[in-house]
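For reference, run23.cif is printed below; it contains mmCIF, C-alpha atoms.
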```
data_input
loop_
_atom_site.group_PDB
_atom_site.id
_atom_site.type_symbol
_atom_site.label_atom_id
_atom_site.label_comp_id
_atom_site.auth_asym_id
_atom_site.auth_seq_id
_atom_site.Cartn_x
_atom_site.Cartn_y
_atom_site.Cartn_z
ATOM 1 C CA GLY A 1 0.000 0.000 0.000
ATOM 2 C CA GLU A 2 0.929 3.642 -0.112
ATOM 3 C CA ASP A 3 0.374 4.421 3.527
ATOM 4 C CA VAL A 4 2.650 4.078 6.485
ATOM 5 C CA GLU A 5 0.512 2.088 8.899
ATOM 6 C CA GLN A 6 0.399 2.192 12.668
ATOM 7 C CA SER A 7 -2.035 1.027 15.304
ATOM 8 C CA LEU A 8 -4.003 3.966 16.624
ATOM 9 C CA PHE A 9 -3.875 3.252 20.346
ATOM 10 C CA LEU A 10 -1.681 1.529 22.928
ATOM 11 C CA SER A 11 -2.190 1.463 26.665
ATOM 12 C CA VAL A 12 0.420 0.196 29.150
ATOM 13 C CA ARG A 13 1.025 0.314 32.885
ATOM 14 C CA GLU A 14 3.787 2.454 34.299
ATOM 15 C CA GLY A 15 7.007 0.446 34.542
ATOM 16 C CA ASP A 16 6.052 -1.987 31.790
ATOM 17 C CA SER A 17 7.587 -1.991 28.318
ATOM 18 C CA SER A 18 5.743 -0.452 25.376
ATOM 19 C CA VAL A 19 6.107 -1.684 21.830
ATOM 20 C CA ILE A 20 4.828 0.511 19.024
ATOM 21 C CA ASN A 21 4.703 -1.028 15.578
ATOM 22 C CA CYS A 22 4.831 0.433 12.094
ATOM 23 C CA THR A 23 4.660 -0.958 8.595
ATOM 24 C CA TYR A 24 6.273 1.205 5.958
ATOM 25 C CA THR A 25 6.003 1.091 2.202
ATOM 26 C CA ASP A 26 9.292 1.632 0.407
ATOM 27 C CA SER A 27 11.709 -1.284 0.546
ATOM 28 C CA SER A 28 14.489 1.090 -0.506
ATOM 29 C CA SER A 29 13.894 3.530 2.351
ATOM 30 C CA THR A 30 17.282 4.526 3.695
ATOM 31 C CA TYR A 31 16.271 6.112 6.963
ATOM 32 C CA LEU A 32 13.317 5.381 9.191
ATOM 33 C CA TYR A 33 12.332 7.657 12.013
ATOM 34 C CA TRP A 34 10.396 7.804 15.237
ATOM 35 C CA TYR A 35 8.924 11.091 16.387
ATOM 36 C CA LYS A 36 7.037 11.924 19.585
ATOM 37 C CA GLN A 37 4.279 14.506 19.776
ATOM 38 C CA GLU A 38 2.913 15.688 23.096
ATOM 39 C CA PRO A 39 -0.472 17.444 23.275
ATOM 40 C CA GLY A 40 -0.430 20.813 21.565
ATOM 41 C CA ALA A 41 3.235 20.489 20.649
ATOM 42 C CA GLY A 42 5.361 19.913 17.591
ATOM 43 C CA LEU A 43 7.292 16.769 16.738
ATOM 44 C CA GLN A 44 10.302 15.676 18.721
ATOM 45 C CA LEU A 45 12.804 13.463 16.934
ATOM 46 C CA LEU A 46 13.344 10.462 19.185
ATOM 47 C CA THR A 47 15.592 8.293 17.083
ATOM 48 C CA TYR A 48 16.195 7.055 13.589
ATOM 49 C CA ILE A 49 17.715 3.956 12.070
ATOM 50 C CA PHE A 50 19.648 3.479 8.901
ATOM 51 C CA SER A 51 18.398 0.695 6.688
ATOM 52 C CA ASN A 52 21.589 -1.368 6.932
ATOM 53 C CA MET A 53 20.951 -1.852 10.646
ATOM 54 C CA ASP A 54 18.626 -4.345 12.300
ATOM 55 C CA MET A 55 18.570 -2.748 15.698
ATOM 56 C CA LYS A 56 19.464 0.489 17.406
ATOM 57 C CA GLN A 57 19.406 1.116 21.133
ATOM 58 C CA ASP A 58 19.419 4.487 22.812
ATOM 59 C CA GLN A 59 18.901 4.426 26.588
ATOM 60 C CA ARG A 60 15.289 3.255 27.128
ATOM 61 C CA LEU A 61 14.532 3.147 23.416
ATOM 62 C CA THR A 62 15.142 0.166 21.154
ATOM 63 C CA VAL A 63 14.339 0.265 17.460
ATOM 64 C CA LEU A 64 14.001 -2.970 15.517
ATOM 65 C CA LEU A 65 13.924 -3.074 11.734
ATOM 66 C CA ASN A 66 12.731 -6.000 9.636
ATOM 67 C CA LYS A 67 13.426 -4.998 6.052
ATOM 68 C CA LYS A 68 11.973 -8.161 4.574
ATOM 69 C CA ASP A 69 8.578 -7.407 6.092
ATOM 70 C CA LYS A 70 9.032 -3.605 5.997
ATOM 71 C CA HIS A 71 8.287 -3.559 9.693
ATOM 72 C CA LEU A 72 9.656 -1.095 12.211
ATOM 73 C CA SER A 73 9.101 -1.151 15.943
ATOM 74 C CA LEU A 74 9.910 1.105 18.865
ATOM 75 C CA ARG A 75 10.282 -0.419 22.298
ATOM 76 C CA ILE A 76 10.234 1.849 25.333
ATOM 77 C CA ALA A 77 11.567 0.170 28.448
ATOM 78 C CA ASP A 78 10.275 1.091 31.918
ATOM 79 C CA THR A 79 7.532 3.271 30.463
ATOM 80 C CA GLN A 80 6.792 6.409 32.468
ATOM 81 C CA THR A 81 3.744 8.678 32.575
ATOM 82 C CA GLY A 82 5.810 11.302 30.766
ATOM 83 C CA ASP A 83 5.982 8.927 27.806
ATOM 84 C CA SER A 84 2.256 9.416 27.174
ATOM 85 C CA ALA A 85 2.096 11.000 23.732
ATOM 86 C CA ILE A 86 1.490 10.233 20.074
ATOM 87 C CA TYR A 87 4.315 8.406 18.340
ATOM 88 C CA PHE A 88 4.829 8.707 14.602
ATOM 89 C CA CYS A 89 7.002 6.595 12.402
ATOM 90 C CA ALA A 90 8.199 8.133 9.173
ATOM 91 C CA GLU A 91 10.113 7.058 6.115
ATOM 92 C CA LYS A 92 11.931 8.705 3.295
ATOM 93 C CA ARG A 93 11.091 7.107 -0.061
ATOM 94 C CA PRO A 94 14.070 7.232 -2.415
ATOM 95 C CA GLN A 95 12.161 5.447 -5.171
ATOM 96 C CA THR A 96 9.847 8.423 -5.488
ATOM 97 C CA GLY A 97 12.737 10.848 -5.818
ATOM 98 C CA ALA A 98 11.111 12.868 -3.092
ATOM 99 C CA ASN A 99 13.229 14.381 -0.378
ATOM 100 C CA ASN A 100 10.576 14.508 2.298
ATOM 101 C CA LEU A 101 9.216 12.359 5.080
ATOM 102 C CA PHE A 102 6.066 10.260 4.868
ATOM 103 C CA PHE A 103 4.374 9.800 8.206
ATOM 104 C CA GLY A 104 2.017 7.276 9.645
ATOM 105 C CA THR A 105 -1.168 8.386 11.393
ATOM 106 C CA GLY A 106 0.469 7.980 14.787
ATOM 107 C CA THR A 107 -0.017 5.704 17.788
ATOM 108 C CA ARG A 108 -1.430 7.279 20.914
ATOM 109 C CA LEU A 109 0.373 5.797 23.907
ATOM 110 C CA THR A 110 -1.383 6.073 27.239
ATOM 111 C CA VAL A 111 0.580 5.166 30.357
ATOM 112 C CA ILE A 112 -1.544 4.151 33.324
ATOM 113 C CA PRO A 113 -0.034 5.016 36.724
ATOM 114 C CA ASP B 1 21.303 27.088 20.687
ATOM 115 C CA ALA B 2 17.811 27.980 19.533
ATOM 116 C CA GLY B 3 15.806 25.211 17.990
ATOM 117 C CA VAL B 4 13.257 25.663 15.233
ATOM 118 C CA THR B 5 10.967 28.581 16.028
ATOM 119 C CA GLN B 6 7.612 29.295 14.449
ATOM 120 C CA SER B 7 5.259 32.238 14.692
ATOM 121 C CA PRO B 8 2.545 32.834 15.495
ATOM 122 C CA THR B 9 1.579 29.910 17.716
ATOM 123 C CA HIS B 10 -2.138 30.294 17.060
ATOM 124 C CA LEU B 11 -4.113 32.096 14.401
ATOM 125 C CA ILE B 12 -7.779 32.463 13.515
ATOM 126 C CA LYS B 13 -8.726 33.536 10.006
ATOM 127 C CA THR B 14 -11.913 33.822 7.988
ATOM 128 C CA ARG B 15 -12.617 31.884 4.801
ATOM 129 C CA GLY B 16 -11.205 33.632 1.768
ATOM 130 C CA GLN B 17 -8.518 35.457 3.694
ATOM 131 C CA GLN B 18 -4.789 35.054 3.272
ATOM 132 C CA VAL B 19 -2.293 33.995 5.938
ATOM 133 C CA THR B 20 1.478 34.082 6.372
ATOM 134 C CA LEU B 21 3.287 31.747 8.750
ATOM 135 C CA ARG B 22 6.939 32.118 9.681
ATOM 136 C CA CYS B 23 9.758 29.750 10.564
ATOM 137 C CA SER B 24 13.339 30.185 11.687
ATOM 138 C CA PRO B 25 15.423 27.055 11.312
ATOM 139 C CA LYS B 26 17.722 25.604 13.916
ATOM 140 C CA SER B 27 21.080 27.331 14.094
ATOM 141 C CA GLY B 28 23.386 25.896 11.446
ATOM 142 C CA HIS B 29 20.576 24.516 9.294
ATOM 143 C CA ASP B 30 19.856 25.839 5.813
ATOM 144 C CA THR B 31 16.838 23.839 4.670
ATOM 145 C CA VAL B 32 13.226 24.369 5.653
ATOM 146 C CA SER B 33 10.340 21.997 4.967
ATOM 147 C CA TRP B 34 6.692 22.710 5.691
ATOM 148 C CA TYR B 35 4.101 20.148 6.714
ATOM 149 C CA GLN B 36 0.370 20.289 7.343
ATOM 150 C CA GLN B 37 -1.040 18.164 10.144
ATOM 151 C CA ALA B 38 -4.809 17.858 10.177
ATOM 152 C CA LEU B 39 -6.483 16.788 13.398
ATOM 153 C CA GLY B 40 -5.906 13.106 14.083
ATOM 154 C CA GLN B 41 -3.553 12.670 11.142
ATOM 155 C CA GLY B 42 0.154 12.483 10.553
ATOM 156 C CA PRO B 43 1.951 15.433 8.971
ATOM 157 C CA GLN B 44 1.684 15.821 5.185
ATOM 158 C CA PHE B 45 4.541 17.373 3.223
ATOM 159 C CA ILE B 46 3.781 20.725 1.579
ATOM 160 C CA PHE B 47 7.148 21.860 0.183
ATOM 161 C CA GLN B 48 10.823 22.294 0.900
ATOM 162 C CA TYR B 49 13.072 25.333 0.502
ATOM 163 C CA TYR B 50 16.809 25.214 0.036
ATOM 164 C CA GLU B 51 19.085 27.955 -1.275
ATOM 165 C CA GLU B 52 16.048 30.236 -1.454
ATOM 166 C CA GLU B 53 14.289 28.012 -3.964
ATOM 167 C CA GLU B 54 11.411 25.581 -3.738
ATOM 168 C CA ARG B 55 13.056 22.193 -4.271
ATOM 169 C CA GLN B 56 10.275 19.721 -3.674
ATOM 170 C CA ARG B 57 6.515 19.996 -3.488
ATOM 171 C CA GLY B 58 3.846 17.719 -2.145
ATOM 172 C CA ASN B 59 0.288 17.375 -3.340
ATOM 173 C CA PHE B 60 -0.932 20.846 -2.371
ATOM 174 C CA PRO B 61 -2.607 23.435 -4.595
ATOM 175 C CA ASP B 62 -0.994 26.654 -5.775
ATOM 176 C CA ARG B 63 -2.813 28.521 -3.021
ATOM 177 C CA PHE B 64 0.070 27.331 -0.880
ATOM 178 C CA SER B 65 3.250 29.216 -1.611
ATOM 179 C CA GLY B 66 6.425 29.984 0.217
ATOM 180 C CA HIS B 67 9.633 31.859 0.399
ATOM 181 C CA GLN B 68 13.061 31.443 1.899
ATOM 182 C CA PHE B 69 15.204 34.397 2.897
ATOM 183 C CA PRO B 70 19.012 34.734 2.779
ATOM 184 C CA ASN B 71 19.164 34.051 6.519
ATOM 185 C CA TYR B 72 17.419 30.686 5.825
ATOM 186 C CA SER B 73 14.180 31.646 7.535
ATOM 187 C CA SER B 74 11.030 30.853 5.626
ATOM 188 C CA GLU B 75 7.416 31.873 5.174
ATOM 189 C CA LEU B 76 4.414 29.827 4.209
ATOM 190 C CA ASN B 77 1.572 31.723 2.538
ATOM 191 C CA VAL B 78 -1.904 30.381 2.010
ATOM 192 C CA ASN B 79 -4.367 32.326 -0.129
ATOM 193 C CA ALA B 80 -8.155 32.043 -0.369
ATOM 194 C CA LEU B 81 -8.394 30.091 2.861
ATOM 195 C CA LEU B 82 -10.825 27.206 3.079
ATOM 196 C CA LEU B 83 -12.280 25.625 6.186
ATOM 197 C CA GLY B 84 -10.271 22.523 5.321
ATOM 198 C CA ASP B 85 -7.028 24.465 5.703
ATOM 199 C CA SER B 86 -7.535 24.404 9.461
ATOM 200 C CA ALA B 87 -4.586 22.414 10.793
ATOM 201 C CA LEU B 88 -1.300 22.513 12.646
ATOM 202 C CA TYR B 89 1.413 23.773 10.301
ATOM 203 C CA LEU B 90 4.830 22.414 11.132
ATOM 204 C CA CYS B 91 8.189 23.618 9.978
ATOM 205 C CA ALA B 92 11.166 21.270 9.896
ATOM 206 C CA SER B 93 14.766 22.295 9.470
ATOM 207 C CA SER B 94 17.702 20.252 8.245
ATOM 208 C CA LEU B 95 21.057 20.638 6.564
ATOM 209 C CA ASN B 96 21.917 20.604 2.844
ATOM 210 C CA ALA B 97 18.420 19.557 1.807
ATOM 211 C CA GLY B 98 18.999 16.332 3.664
ATOM 212 C CA LEU B 99 16.740 14.580 6.111
ATOM 213 C CA THR B 100 19.104 12.614 8.289
ATOM 214 C CA GLU B 101 18.108 14.766 11.206
ATOM 215 C CA ALA B 102 15.056 16.901 10.597
ATOM 216 C CA PHE B 103 13.996 18.955 13.604
ATOM 217 C CA PHE B 104 10.491 20.303 13.930
ATOM 218 C CA GLY B 105 9.166 23.471 15.460
ATOM 219 C CA GLN B 106 6.188 23.664 17.786
ATOM 220 C CA GLY B 107 3.877 24.511 14.932
ATOM 221 C CA THR B 108 1.281 27.156 14.170
ATOM 222 C CA ARG B 109 -2.315 26.181 14.857
ATOM 223 C CA LEU B 110 -4.449 27.763 12.111
ATOM 224 C CA THR B 111 -8.201 27.827 12.495
ATOM 225 C CA VAL B 112 -10.311 28.959 9.550
ATOM 226 C CA VAL B 113 -13.867 29.994 10.410
#
```
Show this structure as structure tokens.
Amino acid sequence: GEDVEQSLFLSVREGDSSVINCTYTDSSSTYLYWYKQEPGAGLQLLTYIFSNMDMKQDQRLTVLLNKKDKHLSLRIADTQTGDSAIYFCAEKRPQTGANNLFFGTGTRLTVIP
Amino acid sequence: DAGVTQSPTHLIKTRGQQVTLRCSPKSGHDTVSWYQQALGQGPQFIFQYYEEEERQRGNFPDRFSGHQFPNYSSELNVNALLLGDSALYLCASSLNAGLTEAFFGQGTRLTVV
């Protein structure tokens, strides 16, 4: 398909791990991104992964990339209430020649105290 | 080090009017991209400015136009506003028209009544 797909909602208890999933579209995508958006705010770049990597870890964040299935995931360890936000995955699509990001519709993460 | 700054933060306009939104990129960045984020959606690419020229354009009508100044700041202009133009307008800055690290501003919330 043409859309970057994400589940709309995820709810976890404080202290548990969260896993947010994304299916992207362009098998030649070079960079894949995760952004966080808090209510009324812009987008905060959390992390990105280059397509020649399978995994990237940055403190509580772990990104897994499955190029065969065009599947990207973001794991947040020890989820805190401050992690409640909308999380967007995004891809750049070299095959289109476009130099812009294509975003999913976002996953709203709710952390229950 | 100032991040990406946008002004104004909120704006209310009437149908048919024109609006100008402003963006200053992160220090050291020379490329500005504009995105429209409708309620409940992911951001959609409008266009990108680099070296004071529009380099890429998304699927937006000619009512949407822009400009980049020698100091790399940018404006987004929308003419003949429609109710459907109500959205959060996000500016992203990066370096050398690249996207490896694109940083977003807080956005301008435009409401058309």
So which residues touch B:Ser74 within 8 Å, counting all atoms listed in the file, skipping near sequence neighbours fewer than 6 positions away, as a PDB file with C-alpha atoms, in the coordinates of the input?
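Saved result, result21.pdb, follows:
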```pdb
ATOM      1  CA  ARG B  22       6.939  32.118   9.681  1.00  0.00           C
ATOM      2  CA  CYS B  23       9.758  29.750  10.564  1.00  0.00           C
ATOM      3  CA  SER B  24      13.339  30.185  11.687  1.00  0.00           C
ATOM      4  CA  VAL B  32      13.226  24.369   5.653  1.00  0.00           C
ATOM      5  CA  TYR B  49      13.072  25.333   0.502  1.00  0.00           C
ATOM      6  CA  GLY B  66       6.425  29.984   0.217  1.00  0.00           C
ATOM      7  CA  HIS B  67       9.633  31.859   0.399  1.00  0.00           C
ATOM      8  CA  GLN B  68      13.061  31.443   1.899  1.00  0.00           C
TER       9      GLN B  68
END
```
### Message
Could you list, as a VMD selection string, every residue matched by the PyMOL selection byres ((chain A and resi 27-37) around 9) in this structure?
### Response
(chain A and resid 24 to 26 38 to 52 63 65 67 to 70 72 74 83 85 to 95 101) or (chain B and resid 99 to 100)
### Task
List the residues matched by the PyMOL selection byres ((chain B) within 6 of (chain A)) in the displayed structure as a PyMOL selection string, ordered by chain and then by residue number.
chain B and resi 41-42+104-107
Requested write-out: C-alpha atoms of the selected residues, as a compact mmCIF listing (two decimals), keeping the file's coordinate frame:
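Here's the written file part.txt:
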```txt
# COMPACT_ATOMS: atom_id res chain seq x y z
CA GLN B 41 -3.55 12.67 11.14
CA GLY B 42 0.15 12.48 10.55
CA PHE B 104 10.49 20.30 13.93
CA GLY B 105 9.17 23.47 15.46
CA GLN B 106 6.19 23.66 17.79
CA GLY B 107 3.88 24.51 14.93
```
### Residue neighbourhood B:Asn79, 12 Å, all atoms listed in the file, exclusion window fewer than 2 positions, as a list in words
Lys13, Thr14, Arg15, Gly16, Gln17, Gln18, Val19, Thr20, Leu21, Pro61, Asp62, Arg63, Phe64, Ser65, Gly66, Leu76, Asn77, Leu81, Leu82, Asp85 and Val112 of chain B
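Proximity to B:Ser93 was assessed for B:Ile12, B:Tyr72, B:Arg57, B:Thr111 counting only C-alpha atoms; the smallest distance is recorded for B:Tyr72.
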#### Entry: Atom pair atom CA of B:Val4 / atom CA of B:Glu101: separation (Å)
12.6 Å
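For the pair atom CA of B:Tyr89 and atom CA of B:Thr108, the separation is 5.1 Å.
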### Task
Enter the distance from atom CA of A:Glu14 to atom CA of A:Ile112, in Å, rounded to one decimal.
5.7 Å
### Query
Nearest to B:Gly3: which of B:Ala80, B:Ala87, B:Ala97, B:Ala92 is it, counting only C-alpha atoms?
B:Ala92
### Message
Measuring between only C-alpha atoms, which one of B:Thr31, B:Leu90, B:Gln36, B:Thr9 shows the shortest distance to B:Pro70?
### Response
B:Thr31
### Task
Return as a ChimeraX atom specification the set of residues that the PyMOL selection byres ((chain A and resi 78) around 10) yields on the displayed structure.
/A:13-18,60-61,75-77,79-80,83
So that I have them on file, write out the residues from the current selection with C-alpha atoms, as a short mmCIF file (atom, residue, chain, number, x, y, z; two decimals), keeping the file's coordinate frame.
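This went into part-v2.cif:
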```cif
data_model
loop_
_atom_site.label_atom_id
_atom_site.label_comp_id
_atom_site.auth_asym_id
_atom_site.auth_seq_id
_atom_site.Cartn_x
_atom_site.Cartn_y
_atom_site.Cartn_z
CA ARG A 13 1.02 0.31 32.88
CA GLU A 14 3.79 2.45 34.30
CA GLY A 15 7.01 0.45 34.54
CA ASP A 16 6.05 -1.99 31.79
CA SER A 17 7.59 -1.99 28.32
CA SER A 18 5.74 -0.45 25.38
CA ARG A 60 15.29 3.26 27.13
CA LEU A 61 14.53 3.15 23.42
CA ARG A 75 10.28 -0.42 22.30
CA ILE A 76 10.23 1.85 25.33
CA ALA A 77 11.57 0.17 28.45
CA THR A 79 7.53 3.27 30.46
CA GLN A 80 6.79 6.41 32.47
CA ASP A 83 5.98 8.93 27.81
#
```
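Nearest to B:Gly40 of all the residues A:His71, A:Leu64, A:Cys22, A:Arg108 is A:Arg108, counting all atoms listed in the file.
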Please determine an axis-aligned box that encloses all atoms of stretch 48-67 of chain B listed in the file, with 3 Å added on each side, and express its centre and edge lengths in Å to one decimal as JSON.
```
{"center_x": 8.1, "center_y": 24.6, "center_z": -2.4, "size_x": 27.9, "size_y": 20.5, "size_z": 12.7}
```
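For the choices A:Thr81, A:Thr62, A:Ser73, A:Gln57, the atom-to-atom distance to A:Glu5 is smallest for A:Ser73 when using only C-alpha atoms.
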